[in-house]
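K.L.:
Structure in structure tokens, see below.
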Amino acid sequence: MRISALIIAKNEELSIARAIRSLEGLDEVLVLDSGSSDNTPAVVKGSGARLFPTDWPGYAEQRRRALSLARNEWCLFLDADEELDGELRSSLLGSEPETGVSGYYIKRNNYYLGKRLEHGRWARDLQMRLFRKSEASITRLHIHEGVMVNGSTRRWEKGCIAHHTAPSLQKYLEKQNSYTTLEASQKTDEGKEFSLLKFIFSPANEFMKLYLWQGGFRDGMRGLILASLSALYKYSLWAKIHQQQISRAVQKEAG
Amino acid sequence: MIKISATVITKNEQDNIVRCLRSLSFVDEAVVVDSQSSDLTVRLAEANGARVIINPWPGHIQQKNFAIEQTTGDWILSLDADEEITTELREEIEAARKEGFYGREGFYFPRQSMFLGRWIKHGGWYPDYHLRLFKKESGRFGGMNPHDKVDLKGRAGHFKNHMLHYTYPSLEAYFERFNSYTGIAAGELFKKGRRLSPFKIVFSPPAAFVKMYLLKLGFLDGVEGFILSVFSAHYVLVKNLKLWELENIEGRRE
């Protein structure tokens with residue numbers, strides 16, 4: 001089938017070539033670059049994809065923009081840190097969508113620090129990535145955005161997306177730092193308040209859930225790292241909510 | 001009277017520079033060396049009585065020494081833009097100047113730092129002595145970037161009163177530094193050939209917490225002291241995890 005593959009990117013010179021290579025043969029590969037300061041634009045051009053330089057209006061809006069630029073009815077979202085496996089790519093190239101279906105969920109396997117995760121919540125998931133753009137809308141879910149499809153949806157049975165979540169701990173913590181800031185201001189807007197109990201127990205709870213109940217310990221050192229950094233995520237989140245409350249109180253006092 | 005020159009190096013410090021320079025109003029000369037700020041730093045510095053010199057960034061130590069070369073005074077008071085001299089410390093400095101600095105070549109003073117809007121007084125964060133006031137002919141910056149320190153020829157004294165340090169404007173800034181310093185520290189350990197044991201990964205973070213929160217009395221700093229101790233334990237954890245990463249992940253070694 002004729003598919004437009006859409007990637008939104010910024011400073012992804014290390015991974016974007018892998019993503020584009022995995023899309024070879026698809027009808028259109030379009031990359032929206034929001035002002036990378038590294039070599040991303042050159043890498044994109046060099047690998048034969050179409051480059052669309054633009055600004056950053058937020059995740060959801062950027063996805064909408066990508067859809068409006070796509071020339072095919074069927075669109076596929078891929079992130080710069082993902083790739084299609086061979087089976088998924090050839091099945092996409094070689095088959096037509098079933099009639100009456102507006103969207104397909106694709107299986108995704110997550111890799112962490114260079115190795116596939118086998119256990120726990122983070123090991124694999126299903127992602128709505130392949131859909132008719134005329135039936136799709138982009139909504140904000142939590143801190144991420146998602147695709148909502150009108151009409152019937154199925155699971156794409158052949159192949160997977162490989163998701164290379166963190167090439168390094170440095171990158172992982174960078175992302176975590178900006179996500180916790182975002183989520184803290186959302187939670188504060190919603191009226192959530194800091195308490196010492198939440199600061200202490202929500203990280204502990206997160207760690208136990210991921211590492212023990214969901215079997216993360218079976219992923220060895222990677223499971224331990226993910227569970228303990230997820231606990232750090234919760235600590236940072238609640239501390240940042242505390243910070244938000246302090247600074248909002250100060251602003252109020254200042255009038 | 002002995003002439004004191006203050007030096008401050010800056011880049012995009014518009015939120016800090018005014019507070020810093022106001023606390024330096026008692027010195028004979030304030031020199032700001034700016035490495036091409038894109039914000040209002042230069043204008044604010046000039047408006048607050050400093051002589052501003054633009055110099056492209058050569059590294060922390062080099063820039064601080066460059067600033068010293070631009071001064072005309074006998075003694076140097078070298079501050080960071082996010083620091084402030086308190087009234088008490090200023091009086092102590094002025095009293096010492098009247099006495100010819102008691103024959104010393106330089107002085108340490110304590111530094112009190114802010115975390116999450118609170119002055120942290122325990123947990124190993126205080127007194128945090130720094131040598132920032134010294135005779136120009138006896139001191140220059142040395143050490144290893146970004147951790148500079150003054151190499152002093154001669155004897156130093158200690159002042160009682162502290163300066164203030166507005167270290168982290170936000171937790172996001174705190175974690176940026178957390179991320180970069182743990183990376184640098186892990187790299188240093190790796191170069192020295194230090195290896196990790198699982199025991200160390202599991203037990204050194206709680207040990208760091210106990211040391212800071214209990215033994216060094218971090219609990220006296222309230223909720224903020226607790227949060228800081230938790231994050232300091234994670235600092236040790238992340239440093240070790242990054243060392244593990246260097247040892248075990250292909251392509252992470254340079």
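FYI, nothing fancy with the structure tokens labels: chains A, B, ... in order, residues from 1 per chain, ligands from 1 as they appear.
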Show me, as a list in words, the residues that have an atom within 9 Å of Tyr129 in chain B when counting only C-alpha atoms, minus same-chain residues fewer than 3 positions from it.

P.N.:
Tyr108, Phe109, Pro110, Arg111, Tyr126, His158 and His162 of chain B

K.L.:
Using only C-alpha atoms, what table do you get, as JSON lines, when you list each residue of range 127-186 of chain A with an atom no more than 8 Å from range 238-244 of chain A, its nearest pair of atoms, and their distance in Å rounded to one decimal, rows by chain then rising number?

P.N.:
```
{"residue": "A:Thr180", "atom": "CA", "partner": "A:Lys240", "partner_atom": "CA", "distance": 7.5}
{"residue": "A:Thr181", "atom": "CA", "partner": "A:Lys240", "partner_atom": "CA", "distance": 6.6}
{"residue": "A:Ala184", "atom": "CA", "partner": "A:Ile241", "partner_atom": "CA", "distance": 5.0}
{"residue": "A:Ser185", "atom": "CA", "partner": "A:Ile241", "partner_atom": "CA", "distance": 6.9}
```

K.L.:
Quick one, how far is CA of Ala47 in chain B from CA of Ile17 in chain B?

P.N.:
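Separation of CA of Ala47 in chain B and CA of Ile17 in chain B: 10.7 Å.
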
K.L.:
Residues of chain B within 12 Å of chain A, using only C-alpha atoms, as a VMD selection string?

P.N.:
chain B and resid 115 to 118 168 to 184 186 197 to 198 201 to 202 205 222 to 235 237 to 246 248 to 253

K.L.:
Quick one, how far is CA of Leu215 in chain B from CA of Gly123 in chain B?

P.N.:
7.8 Å
